[in-house]
Amino acid sequence: MTDTGIDTTSADELAARMKGSVVRPGDADYDEARAVYNAMIDKRPALIARVADVDDVVAAVNYGREQGLDIAIRGGGHNGAGLGTVENGLVIDLAALNSVEVDADNRTAKIGGGALLGDVDAATNAHGLATPAGIIASTGAGGLMLGGGIGHLSRGFGLSIDNILGAQLVLADGSVVEANENENPDLYWAIRGGGGNFGVVTSITARLHPVDNVVAGPMFWSLESAPELMRWYREFILNAPEELGGFFAFLSVPPAPPFPEELHLQKVAAVIWCFAGPVEQADEALAEARAQPGLLLDGVQPMPLPAIQSAFDPVFPPGDQWYWRADFVEEIPDEAIEQHVKFAAELPSWKSTMHLYPIDGAVHRVGPTDTPWGYRNANWGQVIVGVDSDPASAKALTDWTIAYHEALHPFAAGGAYVNMMMDEGQERVKASYGENYDRLAKIKAEYDPGNVFHVNQNIRPAG
Ligand SMILES: Cc1cc2nc3c(=O)[nH]c(=O)nc-3n(C[C@H](O)[C@H](O)[C@H](O)COP(=O)(O)OP(=O)(O)OC[C@H]3O[C@@H](n4cnc5c(N)ncnc54)[C@H](O)[C@@H]3O)c2cc1C
């Protein structure tokens with residue numbers, strides 16, 4: 001036996017059944033293999049199965065189930081709550097399943113379950129195509145796309161889940177199935193928002209759209225002008241052409257080029273724009289924004305989509321402390337703006353931030369029960385994150401995030417985007433799926449009655 005209580009002989013048996021490798025406590029690469037993106041999460045799995053292909057995933061799922069181990073599925077390892085790892089259990093690390101095959105004629109991409117958003121953007125942009133996803137290239141496509149997927153292209157093309165055409169999964173019993181409109185349609189419904197609850201997704205087939213170069217970048221305004229700016233923004237963005245993405249943020253100007261030195265570390269109100277329509281129409285779409293008082297910096301310019309998709313990567317390398325809180329928001333009343341401005345002035349570190357991602361437009365054209373996404377009526381996904389590289393800041397980050405969230409929560413719609421929550425308990429998960437939760441629980445009972453896949457924002461099998 002190892003010090004984790006795992007039988008060494010049977011762990012060897014798993015390693016022998018796999019083409020990939022198995023990392024255990026004591027191995028030279030154990031600490032590197034167990035690290036996830038959020039350094040606030042420090043878990044020590046008993047085994048990390050670095051799978052090489054679908055057969056390896058089957059072997060790992062069967063082994064974990066037979067041994068009664070808690071199983072965590074890891075895509076990009078970005079999950080805020082650390083749901084890509086597990087204490088004393090088995091991590092199925094999908095990093096090697098990172099291929100992205102583009103079918104340009106049919107405008108689809110087959111995305112490996114462990115691909116990162118950067119892999120997806122690079123492969124699809126080579127054909128002048130894109131699928132809507134998130135804003136940091138090192139995020140896992142698997143976790144992000146299965147939980148929802150909000151990003152610069154959401155207003156125009158919907159959430160990631162609205163663009164999933166099918167997937168291949170390894171189920172809890174080790175069987176390999178397809179889920180799409182014709183095969184296992186109930187499973188197909190469930191995975192478009194239900195995250196890793198139903199199986200290990202080894203590939204996702206996604207719809208692509210013709211997006212190549214965009215006009216994108218940040219505009220910063222002084223914090224003093226924030227109340228007026230927010231009042232303008234809440235009307236403007238919901239009436240703007242759908243090609244225009246623009247999330248509102250409070251942030252500190254990063255202390256590095258290309259930002260002018262006199263602005264470094266200044267707390268500002270910002271909108272990060274991404275115009276994915278004809279380049280010559282971008283100025284018109286952004287003219288009103290440029291006219292808002294208090295503008296300090298206009299960094300909007302033409303660029304390939306992957307450039308804006310990875311623009312924040314240098315600010316947010318792996319290994320920082322992260323504490324997350326989220327809500328869905330339908331309206332931003334003046335009272336909420338007052339609270340926003342108060343907490344923005346108290347950002348506990350220069351990387352801490354608040355984002356309001358617009359999720360109207362194409363997101364609203366999908367019906368409330370067409371996918372598990374519980375809040376098609378919400379206009380924004382709001383996220384507050386305390387972030388810093390220094391572990392000593394952890395408490396200050398957490399306290400600020402929770403206090404900010406509690407001050408804003410009364411103005412929110414109820415639940416939150418599951419991918420931007422910490423481990424906040426079952427009621428919060430239920431609230432986030434709303435009227436779709438019961439159907440998810442029934443499908444969970446069919447495909448994973450023993451709740452083998454429970455290291456996630458868990459949907460419990462209906463009893
Ligand atoms: C810096 C940063 C930026 C972000 N930006 C955005 C954004 O712009 N838009 C947005 O929508 N979200 C964003 N997120 C949130 C992101 O969607 C979640 O953190 C998501 O969980 C990340 O997926 P992952 O594969 O990297 O996570 P992991 O930690 O690897 O996995 C998290 C969970 O996802 C599930 N999972 C992952 N891969 C699979 C798979 N192949 N099969 C089955 N289950 C799987 C599992 O349940 C697992 O427990 C961001 C997160 C970070 C840290």
# chains A, B, ... in the order shown; residues from 1 in each chain; ligands from 1

$ select_by_dssp --residues "range 301-457 of chain A" --states "helix (DSSP H, G or I)" --output "MDAnalysis selection string"
chainID A and resid 305:309 334:344 361:365 391:411 418:420 426:447

$ residues_near_ligand --ligand "ligand 1" --cutoff "6 Å" --atoms "only C-alpha atoms and all ligand atoms" --output "number ranges by chain"
A: 72-80, 82-84, 113-114, 134-136, 139-144, 148-151, 195-196, 199-202, 419-420, 455-456

$ residues_around --residues "Lys351 in chain A" --least-positions-apart "3" --cutoff "9 Å" --atoms "only C-alpha atoms" --output "PyMOL selection string"
chain A and resi 251-254+315-316+347-348+385-389

$ write_last_selection --atoms "N, CA, C and O atoms" --output "tab-separated table (two decimals), in the first residue's frame"
chain	number	residue	atom	x	y	z
A	251	LEU	N	-11.01	47.15	-13.06
A	251	LEU	CA	-9.69	46.51	-13.01
A	251	LEU	C	-8.62	47.56	-12.74
A	251	LEU	O	-8.90	48.76	-12.74
A	252	SER	N	-7.41	47.10	-12.50
A	252	SER	CA	-6.27	47.99	-12.39
A	252	SER	C	-5.47	47.85	-13.68
A	252	SER	O	-5.31	46.73	-14.21
A	253	VAL	N	-4.97	48.96	-14.19
A	253	VAL	CA	-4.20	48.91	-15.44
A	253	VAL	C	-2.92	48.11	-15.17
A	253	VAL	O	-2.18	48.40	-14.23
A	254	PRO	N	-2.67	47.06	-15.97
A	254	PRO	CA	-1.48	46.23	-15.74
A	254	PRO	C	-0.19	47.06	-15.81
A	254	PRO	O	-0.07	47.94	-16.68
A	315	VAL	N	-1.29	38.48	-18.03
A	315	VAL	CA	-1.69	39.00	-16.71
A	315	VAL	C	-2.04	37.84	-15.77
A	315	VAL	O	-1.83	37.92	-14.56
A	316	PHE	N	-2.58	36.78	-16.36
A	316	PHE	CA	-3.09	35.69	-15.54
A	316	PHE	C	-2.39	34.36	-15.85
A	316	PHE	O	-2.99	33.44	-16.40
A	347	LEU	N	-10.45	47.40	-4.72
A	347	LEU	CA	-9.86	46.18	-5.30
A	347	LEU	C	-8.67	45.75	-4.44
A	347	LEU	O	-7.75	46.55	-4.21
A	348	PRO	N	-8.65	44.50	-3.95
A	348	PRO	CA	-7.64	44.12	-2.96
A	348	PRO	C	-6.26	43.81	-3.55
A	348	PRO	O	-5.31	43.59	-2.79
A	385	VAL	N	-13.77	38.37	-9.04
A	385	VAL	CA	-12.64	37.50	-8.69
A	385	VAL	C	-11.55	38.29	-7.96
A	385	VAL	O	-11.08	39.31	-8.45
A	386	GLY	N	-11.17	37.74	-6.82
A	386	GLY	CA	-9.99	38.24	-6.12
A	386	GLY	C	-8.80	37.41	-6.60
A	386	GLY	O	-8.84	36.18	-6.51
A	387	VAL	N	-7.77	38.08	-7.13
A	387	VAL	CA	-6.63	37.35	-7.72
A	387	VAL	C	-5.32	38.01	-7.30
A	387	VAL	O	-5.19	39.24	-7.35
A	388	ASP	N	-4.36	37.19	-6.90
A	388	ASP	CA	-3.03	37.72	-6.59
A	388	ASP	C	-2.02	36.58	-6.61
A	388	ASP	O	-2.38	35.42	-6.41
A	389	SER	N	-0.75	36.94	-6.83
A	389	SER	CA	0.26	35.89	-6.87
A	389	SER	C	0.72	35.48	-5.47
A	389	SER	O	1.27	34.40	-5.30

$ residues_around --residues "Gly174 in chain A" --least-positions-apart "6" --cutoff "8 Å" --atoms "only C-alpha atoms" --output "ChimeraX atom specification"
/A:58-59,61-62

$ atom_distance --atom1 "CA of Glu242 in chain A" --atom2 "CA of Leu116 in chain A"
25.9 Å

$ closest_residue --among "A:Tyr323, A:Phe453, A:Trp400, A:Trp373" --to "Gly193 in chain A" --atoms "only C-alpha atoms"
A:Trp373

$ residues_around --residues "Ala445 in chain A" --least-positions-apart "6" --cutoff "9 Å" --atoms "only C-alpha atoms" --output "list in words"
Asn451, Arg460, Pro461, Ala462 and Gly463 of chain A

$ closest_residue --among "A:Ile41, A:Ala412, A:Leu223, A:Ala291" --to "Ala344 in chain A" --atoms "only C-alpha atoms"
A:Leu223

$ atom_distance --atom1 "CA of Arg155 in chain A" --atom2 "CA of His364 in chain A"
8.7 Å

$ closest_residue --among "A:Ala33, A:Leu296, A:Ala123, A:Ala172" --to "Val271 in chain A" --atoms "only C-alpha atoms"
A:Leu296

$ select_by_dssp --residues "range 348-412 of chain A" --states "strand (DSSP E or B)" --output "JSON, numbers by chain"
{"A": [353, 354, 355, 356, 357, 358, 380, 381, 382, 383, 384, 385, 386, 387, 388]}

$ closest_residue --among "A:Tyr375, A:Tyr437, A:Phe275, A:Tyr37" --to "Gly217 in chain A" --atoms "only C-alpha atoms"
A:Phe275

$ closest_residue --among "A:Ile111, A:Leu171, A:Ala104, A:Cys274" --to "Glu243 in chain A" --atoms "only C-alpha atoms"
A:Cys274

$ closest_residue --among "A:Asp390, A:Tyr417, A:Thr205, A:Pro306" --to "Trp350 in chain A" --atoms "only C-alpha atoms"
A:Asp390

$ residues_around --residues "Arg17 in chain A" --least-positions-apart "5" --cutoff "10 Å" --atoms "only C-alpha atoms" --output "PDB file with all heavy atoms, in the first residue's frame"
ATOM      1  N   ALA A  11      -2.635  -0.300  -8.667  1.00  0.00           N
ATOM      2  CA  ALA A  11      -2.279   0.923  -9.404  1.00  0.00           C
ATOM      3  C   ALA A  11      -1.352   0.563 -10.559  1.00  0.00           C
ATOM      4  O   ALA A  11      -1.478   1.106 -11.666  1.00  0.00           O
ATOM      5  CB  ALA A  11      -1.610   1.926  -8.477  1.00  0.00           C
ATOM      6  N   ASP A  12      -0.441  -0.376 -10.320  1.00  0.00           N
ATOM      7  CA  ASP A  12       0.431  -0.845 -11.407  1.00  0.00           C
ATOM      8  C   ASP A  12      -0.406  -1.477 -12.515  1.00  0.00           C
ATOM      9  O   ASP A  12      -0.100  -1.367 -13.691  1.00  0.00           O
ATOM     10  CB  ASP A  12       1.431  -1.889 -10.887  1.00  0.00           C
ATOM     11  CG  ASP A  12       2.548  -1.220 -10.101  1.00  0.00           C
ATOM     12  OD1 ASP A  12       2.716   0.002 -10.232  1.00  0.00           O
ATOM     13  OD2 ASP A  12       3.240  -1.933  -9.340  1.00  0.00           O
ATOM     14  N   ASP A  55      -9.322   4.663 -25.163  1.00  0.00           N
ATOM     15  CA  ASP A  55      -9.202   3.390 -24.433  1.00  0.00           C
ATOM     16  C   ASP A  55      -8.617   3.616 -23.033  1.00  0.00           C
ATOM     17  O   ASP A  55      -9.001   2.959 -22.066  1.00  0.00           O
ATOM     18  CB  ASP A  55      -8.302   2.401 -25.198  1.00  0.00           C
ATOM     19  CG  ASP A  55      -8.981   1.905 -26.462  1.00  0.00           C
ATOM     20  OD1 ASP A  55     -10.210   2.063 -26.559  1.00  0.00           O
ATOM     21  OD2 ASP A  55      -8.274   1.388 -27.352  1.00  0.00           O
ATOM     22  N   ASP A  56      -7.665   4.534 -22.940  1.00  0.00           N
ATOM     23  CA  ASP A  56      -7.095   4.858 -21.634  1.00  0.00           C
ATOM     24  C   ASP A  56      -8.153   5.452 -20.693  1.00  0.00           C
ATOM     25  O   ASP A  56      -8.170   5.176 -19.491  1.00  0.00           O
ATOM     26  CB  ASP A  56      -5.957   5.888 -21.773  1.00  0.00           C
ATOM     27  CG  ASP A  56      -4.628   5.246 -22.144  1.00  0.00           C
ATOM     28  OD1 ASP A  56      -4.601   4.024 -22.403  1.00  0.00           O
ATOM     29  OD2 ASP A  56      -3.612   5.979 -22.176  1.00  0.00           O
ATOM     30  N   VAL A  58     -11.313   4.812 -20.788  1.00  0.00           N
ATOM     31  CA  VAL A  58     -12.158   3.678 -20.369  1.00  0.00           C
ATOM     32  C   VAL A  58     -11.464   2.915 -19.234  1.00  0.00           C
ATOM     33  O   VAL A  58     -12.080   2.605 -18.196  1.00  0.00           O
ATOM     34  CB  VAL A  58     -12.434   2.734 -21.568  1.00  0.00           C
ATOM     35  CG1 VAL A  58     -13.143   1.455 -21.107  1.00  0.00           C
ATOM     36  CG2 VAL A  58     -13.253   3.455 -22.639  1.00  0.00           C
ATOM     37  N   ALA A  59     -10.174   2.642 -19.400  1.00  0.00           N
ATOM     38  CA  ALA A  59      -9.428   1.897 -18.368  1.00  0.00           C
ATOM     39  C   ALA A  59      -9.428   2.661 -17.049  1.00  0.00           C
ATOM     40  O   ALA A  59      -9.627   2.080 -15.968  1.00  0.00           O
ATOM     41  CB  ALA A  59      -7.987   1.653 -18.849  1.00  0.00           C
ATOM     42  N   ALA A  60      -9.244   3.961 -17.126  1.00  0.00           N
ATOM     43  CA  ALA A  60      -9.176   4.765 -15.896  1.00  0.00           C
ATOM     44  C   ALA A  60     -10.538   4.847 -15.206  1.00  0.00           C
ATOM     45  O   ALA A  60     -10.630   4.712 -13.975  1.00  0.00           O
ATOM     46  CB  ALA A  60      -8.657   6.171 -16.229  1.00  0.00           C
ATOM     47  N   TYR A  63     -11.239   1.484 -13.608  1.00  0.00           N
ATOM     48  CA  TYR A  63     -10.383   1.292 -12.435  1.00  0.00           C
ATOM     49  C   TYR A  63     -10.893   2.122 -11.248  1.00  0.00           C
ATOM     50  O   TYR A  63     -11.052   1.614 -10.134  1.00  0.00           O
ATOM     51  CB  TYR A  63      -8.942   1.677 -12.771  1.00  0.00           C
ATOM     52  CG  TYR A  63      -8.018   1.581 -11.593  1.00  0.00           C
ATOM     53  CD1 TYR A  63      -7.445   0.361 -11.231  1.00  0.00           C
ATOM     54  CD2 TYR A  63      -7.737   2.702 -10.812  1.00  0.00           C
ATOM     55  CE1 TYR A  63      -6.611   0.276 -10.130  1.00  0.00           C
ATOM     56  CE2 TYR A  63      -6.912   2.625  -9.714  1.00  0.00           C
ATOM     57  CZ  TYR A  63      -6.340   1.413  -9.372  1.00  0.00           C
ATOM     58  OH  TYR A  63      -5.525   1.328  -8.277  1.00  0.00           O
TER      59      TYR A  63
END

$ residues_around --residues "Pro293 in chain A" --least-positions-apart "4" --cutoff "10 Å" --atoms "only C-alpha atoms" --output "JSON, numbers by chain"
{"A": [221, 222, 224, 225, 226, 228, 229, 289]}

$ atom_distance --atom1 "CA of Phe220 in chain A" --atom2 "CA of Phe236 in chain A"
16.5 Å

$ closest_atom_pairs --of "range 80-190 of chain A" --to "range 42-54 of chain A" --cutoff "7 Å" --atoms "only C-alpha atoms" --output "Markdown table"
| residue | atom | partner | partner_atom | distance |
| --- | --- | --- | --- | --- |
| A:Thr85 | CA | A:Lys43 | CA | 6.8 |
| A:Val86 | CA | A:Pro45 | CA | 5.5 |
| A:Glu87 | CA | A:Pro45 | CA | 4.8 |
| A:Asn88 | CA | A:Pro45 | CA | 4.2 |
| A:Gly89 | CA | A:Pro45 | CA | 4.9 |
| A:Leu90 | CA | A:Leu47 | CA | 4.9 |
| A:Val91 | CA | A:Ile48 | CA | 4.6 |
| A:Ile92 | CA | A:Ala49 | CA | 5.0 |
| A:Asp93 | CA | A:Arg50 | CA | 4.9 |
| A:Leu94 | CA | A:Val51 | CA | 6.0 |
| A:Ala96 | CA | A:Ala52 | CA | 5.8 |
| A:Leu97 | CA | A:Asp53 | CA | 6.6 |
